[in-house]
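Student: Let me give you the structure first, and then I'll get to my questions.
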2 protein chains.
Amino acid sequence: MFRSHTCGELRLSDVGNVISLSGWVARIRLMGSMAFVDLRDRYGITQLSFHEGINSDMLVKASDLGREFVIQVTGIVAERTSKNSQIATGDIEIVVQSLMVLNRSKTPPFIIENDTDGGDDIRMQYRYLDLRRGIVRGNLELRHKLAQKIRNYLSNAQFLEVETPVLIKSTPEGARDFVVPSRLNPGHWYALPQSPQTFKQLLMVSGFDKYFQIVKCFRDEDLRADRQPEFTQIDCEMSFVEREDILQTFEGLVSHLFSEIKGIHFDVFPRMTYAEAMSNYGCDKPDIRFDMRFVALKSPGEDIDVVGGKGFAVFDSAESVIGICAKGAGNYSRKQLDTLTEFVKRPQIGANGLVWCRIEADGSAKSSVDKFYDSDALMQWERLFRADAGDLILLMAGELNKTRKQLNELRLYMGSELGLRDPFNYKPLWVIDFPLLEADSENNCWHAMHHPFTSPLPEDLSLMESFPGDVRANAYDMVINGVEVGGGSIRIFERDLQSRMFDLLGFSKEDAQSQFGFLMNAFEYGAPPHGGIALGFDRLCSLFGGSESIRDYIAFPKNNNGRDVMIDAPSPIDETQRKELGLS
Amino acid sequence: MFRSHTCGELRLSDVGNVISLSGWVARIRLMGSMAFVDLRDRYGITQLSFHEGINSDMLVKASDLGREFVIQVTGIVAERTSKNSQIATGDIEIVVQSLMVLNRSKTPPFIIENDTDGGDDIRMQYRYLDLRRGIVRGNLELRHKLAQKIRNYLSNAQFLEVETPVLIKSTPEGARDFVVPSRLNPGHWYALPQSPQTFKQLLMVSGFDKYFQIVKCFRDEDLRADRQPEFTQIDCEMSFVEREDILQTFEGLVSHLFSEIKGIHFDVFPRMTYAEAMSNYGCDKPDIRFDMRFVALKSPGEDIDVVGGKGFAVFDSAESVIGICAKGAGNYSRKQLDTLTEFVKRPQIGANGLVWCRIEADGSAKSSVDKFYDSDALMQWERLFRADAGDLILLMAGELNKTRKQLNELRLYMGSELGLRDPFNYKPLWVIDFPLLEADSENNCWHAMHHPFTSPLPEDLSLMESFPGDVRANAYDMVINGVEVGGGSIRIFERDLQSRMFDLLGFSKEDAQSQFGFLMNAFEYGAPPHGGIALGFDRLCSLFGGSESIRDYIAFPKNNNGRDVMIDAPSPIDETQRKELGLS
């Protein structure tokens with residue numbers, strides 16, 4: 001037996017007992033006639049003590065220890081003279097009677113404490129040491145906790161966990177598939193699932209009624225920061241439901257998690273249409289921790305123009321002029337305002353410039369376009385923006401959709417600048433009524449905005465062939481703090497409608513049949529109305545942890561090139577392997 | 001809202017209430033002036049009733065329904081005149097007030113009831129309909145239940161669930177890897193994990209202390225009946241443990257499952273060494289639901305020979321003569337005995353013949369080799385086998401290991417014949433002290449019997465280089481009813497020993513470093529003693545279900561060619577895809 005207790009367990013009530021512990025040497029303090037060693041395991045830290053008069057042979061052994069050595073000790077629990085209230089075991093120490101080194105350690109390449117000196121690269125290469133840091137392990141403990149609570153919640157709500165296959169069929173729809181050559185079927189390939197979408201729909205056809213799975217999914221995309229080729233989804237589907245049922249069920253799940261893990265209680269999640277989100281926030285996943293909504297001074301849709309005809313060519317020629325009011329930012333210096341202009345002019349954002357207007361203490365306005373707009377004009381802006389003394393109005397102009405996107409970036413930037421984006425202030429909402437289709441002007445065709453199984457809103461069905469771009473989907477996204485936590489839809493469950501959808505997306509009958517024939521056939525044998533959702537589990541974990549990086553919540557993440565630098569994968573394979581697969 | 005209740009929910013106490021249900025039409029009985037429809041969903045069956053005098057327009061609608069139509073009804077709960085005690089809702093029926101067909105169904109290709117007329121192939125092709133059968137859904141409900149109970153048990157025992165990566169590195173050790181070309185790293189490949197072995201060991205180095213995961217694993221093996229290219233493992237690892245800790249922990253888990261799900265309570269699981277298992281049962285996963293142990297009449301190891309020198313050349317020239325005593329089979333007819341002989345002569349078993357000896361009612365013996373063995377000799381056999389009147393002794397002869405294998409097959413066959421293998425009579429045990437290595441005489445080298453990370457028994461360490469074949473591993477298998485439910489070992493955690501192991505297995509230093517360098521490096525930074533186990537989850541489910549086929553417990557299994565015939569995977573991929581992957 002390696003231990004009678006863990007390093008987080010002993011208390012004053014254990015004083016006098018002979019116990020044994022195993023763990024890692026976290027710190028050593030040698031002080032001549034005595035020494036103290038902090039012994040660490042997953043559960044905590046316990047102080048070991050060595051005194052010349054009491055256990056002098058052990059004192060000699062202690063002085064040979066190094067950081068991260070793995071040791072086993074037996075000793076007596078004693079009350080500490082100087083207690084440490086910072087740790088749960090801080091009232092006691094172990095007077096060591098025997099000590100065995102179970103394994104030695106070289107000096108680690110970085111300090112194994114929350115405040116480490118290790119950079120990203122070295123920590124990824126030695127991920128097993130990085131994971132030894134309390135903060136990183138804490139992230140994965142949070143992930144563990146969330147996973148158990150999610151499964152128990154859904155299981156209690158009569159959802160059945162069903163494992164769907166990982167080796168499936170490649171379909172060109174959506175992102176790129178990872179593919180796997182089949183040795184037993186030469187020239188044929190499996191694909192790894194981008195999501196279990198069609199399988200969960202088949203389970204509904206099978207009458208499973210409620211399905212869930214916390215499941216790995218795969219997308220061979222060009223990687224951006226914080227996107228992983230393999231990621232984990234909380235995948236769910238329900239039968240005989242309308243949108244309302246789904247929203248309530250998963251609002252219930254996420255509220256439960258916040259309540260259990262964070263002690264935060266939500267009423268209902270607000271709902272916002274896609275159109276509202278775009279017009280008020282320029283974005284389909286608005287961060288509503290702060291208001292700062294868009295106000296249009298000129299907009300093609302809203303039939304307003306309070307900036308034209310004053311001789312300012314930029315606004316005159318622009319399709320739209322929209323802005324935000326940054327409360328309390330009226331004291332921004334010239335230099336700070338210049339920084340904002342530089343921010344929006346960065347190539348990633350691509351605006352031509354920024355117009356500002358600040359409201360002085362006396363209510364008068366001062367603007368970068370004073371030359372064109374007199375104080376009456378500026379007062380009108382002030383009213384439209386409901387700006388008060390000390391506020392800063394920021395305006396951008398141009399083509400509507402582009403300008404919304406750019407202003408969204410500026411809004412988020414200002415939100416951060418003004419400290420309005422506290423990661424632990426959670427503001428969830430539902431975005432609903434997404435467009436069903438996205439125009440691909442390059443190829444002159446339509447793409448499914450979510451996927452081809454998403455049902456149109458019943459009231460828009462008649463527009464499908466005449467005005468496909470106007471059809472709204474019966475789809476919804478859960479958004480928290482500007483992050484899309486998950487999304488889903490009520491699905492098509494009738495073969496004819498599914499067929500119309502494939503037609504609209506430009507599938508030939510043959511392609512639709514060869515790729516999704518099994519699903520369309522299934523729809524002919526009594527498919528129930530159904531719908532579902534998939535929540536990004538990595539993202540949910542990082543949100544609960546208050547971090548922007550999902551990588552911190554994945555035990556063995558890949559880097560931006562899709563590489564695992566610790567195990568050095570991917571890597572070349574043997575010629576024999578290639579031959580067996582018929583690939584050489 | 002599609003329903004106020006499910007089809008398994010309504011009782012006498014609901015009589016008089018207006019309710020709505022949705023589900024599938026399971027049965028229709030049209031009887032002129034009235035009709036009854038059984039409406040089915042996951043939760044049960046509810047009878048809908050239609051009467052000319054009460055709801056005659058509904059009666060017309062009911063007569064247009066077909067099997068497996070999906071319908072929604074509203075109606076009043078009424079007490080049935082002829083109750084059905086077979087189903088939970090048998091006391092009531094619904095007098096239908098409105099009926100809507102949500103989706104129609106073609107006639108299914110096979111009958112969707114437990115007793116179906118569908119063959120394997122058609123049911124696999126229409127798996128979504130097969131899954132609609134109560135018996136198949138029941139299997140997956142059992143799987144769901146087991147998964148939740150396992151996770152909750154381990155979670156309560158402080159195991160942390162950690163997801164390990166699916167896209168990893170190919171290593172030629174063990175079975176064949178499935179591989180995945182990396183588009184972002186041309187010429188490089190990922191492999192799908194055969195198990196998360198090295199990752200869970202790294203988690204121990206990281207101090208995670210206790211890890212578990214219910215996880216998909218992949219092996220590109222030539223498929224045999226009931227072997228799947230992707231399968232699911234309950235994967236676990238613990239630090240600071242000896243074998244005893246692991247056996248108790250997982251005996252605890254499995255006992256908990258039996259107690260919770262089957263109401264069966266186990267004391268401790270018996271333990272048997274590999275050597276005992278081979279000598280008593282000729283097999284490392286003995287079925288101990290029945291005794292019928294091997295008895296040697298001639299054996300090189302046991303220094304016994306009671307059959308030699310009597311002129312029977314087969315026994316004289318054989319290395320070993322071993323047998324079993326089939327209790328109560330002494331009444332086997334000549335024809336039955338011939339069938340047994342044919343059984344052992346089948347090429348899959350490959351024996352040359354079978355010697356029988358039956359004990360008559362008066363205690364005298366009659367044997368197929370009476371010519372050579374007189375009644376004294378036969379009485380000696382009788383004593384050695386502890387055979388009684390009415391028993392049947394069956395003997396096989398030949399090279400020891402081969403004969404043990406053959407006799408094992410015969411023993412299992414006789415067990416089945418005599419009804420001693422009730423699938424619901426569960427007899428678990430641990431098999432321990434496996435050999436560390438297996439000789440590969442063809443290539444004149446050693447293979448790891450489990451895997452190269454298995455630790456030798458400490459007392460056998462000194463034999464590693466001198467008598468590698470004699471070294472026992474600190475490994476263990478959990479066996480239930482002749483099925484290997486899982487296996488594991490105490491791992492090597494010291495770099496030097498791991499290095500000796502790789503030497504023994506014929507790895508060059510370079511190969512060992514390039515394939516497992518990350519693990520050996522990790523061992524230099526304070527690796528704790530650790531060990532673990534992996535239980536086959538598919539197999540565990542089938543065992544609990546009392547079935548021999550794991551396929552029945554997998555929602556979407558593949559056939560013996562590794563194909564999913566429902567979605568038609570694997571399949572050819574686009575030329576574009578091949579090009580992007582640098583494969584054309």
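Residues in the structure tokens are numbered from 1 in each chain, the chains being A, B, ... in the order shown, and ligands are numbered from 1 in the order shown.
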Residues at most 10 Å from stretch 537-554 of chain A, counting only C-alpha atoms, excluding those fewer than 6 positions away in the same chain, as number ranges by chain?

Tutor: A: 131, 135-147, 214-216, 225-228, 231-235, 254, 257-258, 261-262, 422-426, 480-481, 483-486; B: 162-165

Student: All C-alpha atoms, paired in order, least-squares superposition of chain A on chain B: what RMSD does that give?

Tutor: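 The optimal C-alpha superposition leaves an RMSD of 0.0 Å.
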
Student: Contacts of stretch 442-453 of chain B at 10 Å or less, counting only C-alpha atoms, minus same-chain residues fewer than 3 places along, as a ChimeraX atom specification?

Tutor: /B:173-174,197-198,201,434-439,456,468-469,473,475-476,487-493,497-499,501-502,504-506,519,531

Student: So that I can check the surroundings of A:Gly16, please list as a short mmCIF file (atom, residue, chain, number, x, y, z; two decimals) with C-alpha atoms, in the first residue's frame every protein, DNA and RNA residue that reaches within 8 Å of it, counting only C-alpha atoms and ignoring chain neighbours fewer than 5 positions away.

Tutor:
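In the end it all went to around_14.cif:
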data_model
loop_
_atom_site.label_atom_id
_atom_site.label_comp_id
_atom_site.auth_asym_id
_atom_site.auth_seq_id
_atom_site.Cartn_x
_atom_site.Cartn_y
_atom_site.Cartn_z
CA ILE A 76 3.20 10.78 12.74
CA VAL A 77 0.69 13.57 12.30
CA ALA A 78 1.70 16.49 14.55
#

Student: Just want the 8 Å neighbourhood of A:Tyr190, counted on only C-alpha atoms, with same-chain residues fewer than 2 positions away dropped. Output as a ChimeraX atom specification.

Tutor: /A:167-170,179-182,188,192 /B:569-571

Student: Using C-alpha atoms, can you write the selected residues to a file as a PDB file, in the first residue's frame?

Tutor:
ATOM      1  CA  LEU A 167     -16.005   5.650 -39.110  1.00  0.00           C
ATOM      2  CA  ILE A 168     -18.698   6.945 -41.421  1.00  0.00           C
ATOM      3  CA  LYS A 169     -19.190   8.142 -44.985  1.00  0.00           C
ATOM      4  CA  SER A 170     -17.639  11.218 -46.556  1.00  0.00           C
ATOM      5  CA  VAL A 179     -10.812  10.521 -44.274  1.00  0.00           C
ATOM      6  CA  VAL A 180      -9.519   7.045 -43.451  1.00  0.00           C
ATOM      7  CA  PRO A 181      -8.533   4.495 -46.094  1.00  0.00           C
ATOM      8  CA  SER A 182     -10.155   1.076 -45.704  1.00  0.00           C
ATOM      9  CA  HIS A 188     -12.832   3.044 -50.360  1.00  0.00           C
ATOM     10  CA  LEU A 192     -14.677  10.994 -39.464  1.00  0.00           C
TER      11      LEU A 192
ATOM     12  CA  ALA B 569     -19.498   3.298 -45.974  1.00  0.00           C
ATOM     13  CA  PRO B 570     -16.644   3.147 -46.705  1.00  0.00           C
ATOM     14  CA  SER B 571     -17.001   4.524 -50.229  1.00  0.00           C
TER      15      SER B 571
END

Student: Mind giving me the straight-line distance from atom CA of A:Asn280 to atom CA of A:Arg293 in Å, one decimal?

Tutor: 5.2 Å

Student: Which residue, B:Asp477, B:Glu342, B:Glu9, B:Asp64, has the smallest gap to B:Tyr43 when you use only C-alpha atoms?

Tutor: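 Residue with the minimum atom-to-atom distance to B:Tyr43: B:Glu9.
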
Student: Nearest to A:Phe523 among B:Leu102, B:Leu21, B:Leu340, B:Ile54, with distances taken over only C-alpha atoms: which residue is it?

Tutor: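 That would be B:Leu102, the residue with the smallest distance to A:Phe523.
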
Student: When DSSP is applied to the backbone of this structure, which of stretch 170-283 of chain B are assigned strand (DSSP E)? Write them out as an NGL selection string.

Tutor: :B and (179-181 or 189-191 or 210-218 or 230-239 or 271-273)

Student: Pick from B:Ser255, B:Gln515, B:Ser455, B:Asn114: nearest to chain A, with only C-alpha atoms counted?

Tutor: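 Nearest to chain A: B:Gln515.
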
Student: Env of B:Leu429: 9 Å cut, atoms = only C-alpha atoms, seq-sep filter 2 positions within chain, self excluded. Answer as a list in words.

Tutor: Val268, Phe269, Pro270, Arg271, Met272, Lys285, Pro286, Ile288, Lys427, Val431, Asp477, Met478, Val479, Ile480 and Asn481 of chain B

Student: Calculated over only C-alpha atoms, which of the candidates A:Ser317, A:Ser416, A:Gln158, A:Thr403 has the smallest distance to chain B?

Tutor: A:Gln158

Student: Using DSSP assignments from the backbone, pull out every residue in stretch 395-473 of chain B that falls under alpha helix (DSSP H) and give it to me as JSON, numbers by chain.

Tutor: {"B": [400, 401, 402, 403, 404, 405, 406, 407, 408, 409, 410, 411, 412, 413, 414, 415, 416, 417]}

Student: Selected residues, N, CA and C atoms, written as a PDB file, in the first residue's frame, please.

Tutor:
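The new file out.pdb reads:
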ATOM      1  N   LEU B 400       1.072 -30.919 -25.665  1.00  0.00           N
ATOM      2  CA  LEU B 400       0.339 -30.409 -24.512  1.00  0.00           C
ATOM      3  C   LEU B 400      -0.495 -29.161 -24.814  1.00  0.00           C
ATOM      4  N   ASN B 401       0.153 -28.115 -25.332  1.00  0.00           N
ATOM      5  CA  ASN B 401      -0.571 -26.847 -25.505  1.00  0.00           C
ATOM      6  C   ASN B 401      -1.710 -26.967 -26.504  1.00  0.00           C
ATOM      7  N   LYS B 402      -1.415 -27.705 -27.588  1.00  0.00           N
ATOM      8  CA  LYS B 402      -2.429 -27.895 -28.611  1.00  0.00           C
ATOM      9  C   LYS B 402      -3.608 -28.686 -28.064  1.00  0.00           C
ATOM     10  N   THR B 403      -3.304 -29.719 -27.310  1.00  0.00           N
ATOM     11  CA  THR B 403      -4.354 -30.580 -26.768  1.00  0.00           C
ATOM     12  C   THR B 403      -5.205 -29.822 -25.756  1.00  0.00           C
ATOM     13  N   ARG B 404      -4.558 -28.988 -24.977  1.00  0.00           N
ATOM     14  CA  ARG B 404      -5.326 -28.167 -24.019  1.00  0.00           C
ATOM     15  C   ARG B 404      -6.338 -27.289 -24.755  1.00  0.00           C
ATOM     16  N   LYS B 405      -5.868 -26.644 -25.829  1.00  0.00           N
ATOM     17  CA  LYS B 405      -6.759 -25.778 -26.613  1.00  0.00           C
ATOM     18  C   LYS B 405      -7.950 -26.569 -27.135  1.00  0.00           C
ATOM     19  N   GLN B 406      -7.651 -27.787 -27.673  1.00  0.00           N
ATOM     20  CA  GLN B 406      -8.716 -28.597 -28.256  1.00  0.00           C
ATOM     21  C   GLN B 406      -9.690 -29.070 -27.186  1.00  0.00           C
ATOM     22  N   LEU B 407      -9.129 -29.469 -26.055  1.00  0.00           N
ATOM     23  CA  LEU B 407      -9.987 -29.972 -24.985  1.00  0.00           C
ATOM     24  C   LEU B 407     -10.844 -28.843 -24.398  1.00  0.00           C
ATOM     25  N   ASN B 408     -10.288 -27.614 -24.406  1.00  0.00           N
ATOM     26  CA  ASN B 408     -11.064 -26.448 -23.972  1.00  0.00           C
ATOM     27  C   ASN B 408     -12.311 -26.292 -24.832  1.00  0.00           C
ATOM     28  N   GLU B 409     -12.143 -26.448 -26.134  1.00  0.00           N
ATOM     29  CA  GLU B 409     -13.309 -26.335 -27.032  1.00  0.00           C
ATOM     30  C   GLU B 409     -14.340 -27.417 -26.718  1.00  0.00           C
ATOM     31  N   LEU B 410     -13.825 -28.627 -26.482  1.00  0.00           N
ATOM     32  CA  LEU B 410     -14.738 -29.730 -26.182  1.00  0.00           C
ATOM     33  C   LEU B 410     -15.457 -29.486 -24.852  1.00  0.00           C
ATOM     34  N   ARG B 411     -14.708 -28.966 -23.888  1.00  0.00           N
ATOM     35  CA  ARG B 411     -15.301 -28.693 -22.572  1.00  0.00           C
ATOM     36  C   ARG B 411     -16.444 -27.681 -22.707  1.00  0.00           C
ATOM     37  N   LEU B 412     -16.206 -26.607 -23.466  1.00  0.00           N
ATOM     38  CA  LEU B 412     -17.243 -25.587 -23.633  1.00  0.00           C
ATOM     39  C   LEU B 412     -18.453 -26.172 -24.364  1.00  0.00           C
ATOM     40  N   TYR B 413     -18.159 -27.002 -25.362  1.00  0.00           N
ATOM     41  CA  TYR B 413     -19.228 -27.644 -26.118  1.00  0.00           C
ATOM     42  C   TYR B 413     -20.081 -28.517 -25.191  1.00  0.00           C
ATOM     43  N   MET B 414     -19.392 -29.327 -24.367  1.00  0.00           N
ATOM     44  CA  MET B 414     -20.119 -30.205 -23.440  1.00  0.00           C
ATOM     45  C   MET B 414     -20.902 -29.379 -22.424  1.00  0.00           C
ATOM     46  N   GLY B 415     -20.306 -28.281 -21.979  1.00  0.00           N
ATOM     47  CA  GLY B 415     -21.008 -27.391 -21.045  1.00  0.00           C
ATOM     48  C   GLY B 415     -22.325 -26.911 -21.635  1.00  0.00           C
ATOM     49  N   SER B 416     -22.264 -26.501 -22.904  1.00  0.00           N
ATOM     50  CA  SER B 416     -23.492 -26.049 -23.570  1.00  0.00           C
ATOM     51  C   SER B 416     -24.475 -27.202 -23.717  1.00  0.00           C
ATOM     52  N   GLU B 417     -23.946 -28.364 -24.172  1.00  0.00           N
ATOM     53  CA  GLU B 417     -24.798 -29.543 -24.378  1.00  0.00           C
ATOM     54  C   GLU B 417     -25.559 -29.908 -23.108  1.00  0.00           C
TER      55      GLU B 417
END

Student: Atom CA of B:Ser279 and atom CA of B:Asp305 are how many Å apart?

Tutor: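 These atoms are spaced 15.8 Å apart.
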
Student: Near A:Ala35, counting only C-alpha atoms, which residues have an atom at most 12 Å away, once you skip same-chain residues fewer than 5 positions from it, shown as an NGL selection string?

Tutor: :A and (27-30 or 47-65 or 93-96)

Student: Could you jot down the atom CA of B:Arg42 to atom CA of B:Asn559 separation for me, Å, one decimal place?

Tutor: 26.7 Å

Student: Between B:Gly134, B:Gly118, B:Gly311, B:Gly323, which residue has the minimum interatomic distance to chain A, considering only C-alpha atoms?

Tutor: B:Gly134

Student: For a quick check of understanding, using only C-alpha atoms, which of B:Leu378, B:Leu418, B:Leu99, B:Val565 has the smallest distance to chain A?

Tutor: B:Val565
